[in-house]
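Some notes on the structure that comes next.
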Amino acid sequence: MIVILIVACEVGFWVAVLAGLLARYPLRRPRLGAALLIAAPAIDVMLLILVAVDLLRGGTASWQHGLAAIYIGFSVAFGHQVISWADVRFAHRFASGPPPVRLSGTAYTIACWKDVLRTIVMVVIAGGVTWGLIALARDGNGADELLVNVRILGIILAADVIWAVSYTIWPRRASSAPPVGAH
């Protein structure tokens, strides 16, 4: 049941983002677009409440609850960046905005290290939610399943650090291809 909620929230997140961007640019309704974009984080709050209620009602903590914690951490840490990424592309496509910039060299390396900082925020939030869910699990019911999250979060952080270190040592070269959206 929790996996279905996570999938529904992920779909709801993207529907809110796309609807917000469609309202903002093709429909030229920026206030409606902003309201729809604000709905995206509200969906995460709803997921957190539903997962907590499930555990409070005696549900057994499982990897699905842990996945919800990771999803919430990712959404809080990277949600704004994901929406900004999509916003630039919609603005370019529908509102004559500048084309998206493909970073290279030092600029890309700095972006990678900023992502490491966001990943640390994600790990802290997802870890905090995980520990909160463990506290909600009655009599430690399934708490071991949730502790797997700690290892998963460590692997995610390690992979992101390795990615950033690799681009620090071997910076991304500028592409010879035309910029995205150029004719």
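How things are named: the first chain in the structure tokens is A, the next is B, and so on; residues count from 1 in each chain; ligands count from 1 in the order shown.
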Query - Gly33 (chain A) surroundings by only C-alpha atoms, 6 Å radius, close-in-sequence under 4 positions cut, as a PyMOL selection string - result: chain A and resi 20-21+23-24
Query - Nearby residues (only C-alpha atoms) at most 8 Å from Val148 (chain A), same-chain spacing under 3 positions excluded, as a list in words - result: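 Residues meeting the cut-off are Trp63, Gly66, Asp144, Glu145, Arg151 and Ile152 of chain A.
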Report task. For region 104-111 of chain A, work out the shell of residues within 6 Å, counting only C-alpha atoms and skipping chain neighbours fewer than 6 positions away, then give it as a ChimeraX atom specification. Result -> /A:167-168,171-174
Report task. Considering only C-alpha atoms, return as a list in words whatever protein or nucleic-acid residues lie within 8 Å of region 46-56 of chain A, sequence-local ones (same chain, fewer than 5 positions apart) excluded. Result ->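 Here the answer would be Ile2, Leu5, Ile6, Cys9, Ala61, His65, Ala68, Ala69, Ile72, Leu133, Leu136, Ala137 and Arg138 of chain A.
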Report task. Within 10 Å of region 78-88 of chain A, counting only C-alpha atoms, which residues show up once you throw out same-chain ones fewer than 6 positions away? Write them as a PyMOL selection string, please. Result -> chain A and resi 13-14+17-18+20-22+24-25+37+40-41+72+95+97-101+115+118-119+121-122
Query raised in the report: DSSP says alpha helix (DSSP H) for which residues of region 45-135 of chain A? Put them as number ranges by chain?
Result: A: 45-56, 63-94, 105-135
Report task. Would you please work out which residue, of A:Val165, A:Val15, A:Ile4, A:Ile70, is nearest to Leu36 (chain A) when using only C-alpha atoms? Result ->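 The closest residue to Leu36 (chain A) is A:Val15.
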Query raised in the report: Within 12 Å of Val124 (chain A), counting only C-alpha atoms, which residues qualify if same-chain residues fewer than 2 places away don't, as a PyMOL selection string?
Result: chain A and resi 69-70+72-74+76-77+117-122+126-131+149-150+153-154+157
Query raised in the report: In Å to one decimal, how far is CA of Phe94 (chain A) from CA of Arg29 (chain A)?
Result: 12.7 Å
Query raised in the report: Which is closest to Thr60 (chain A) among A:Asn141, A:Ser166, A:Ser75, A:Ser175, if we use only C-alpha atoms?
Result: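 Looking at the shortest contact to Thr60 (chain A), the residue is A:Asn141.
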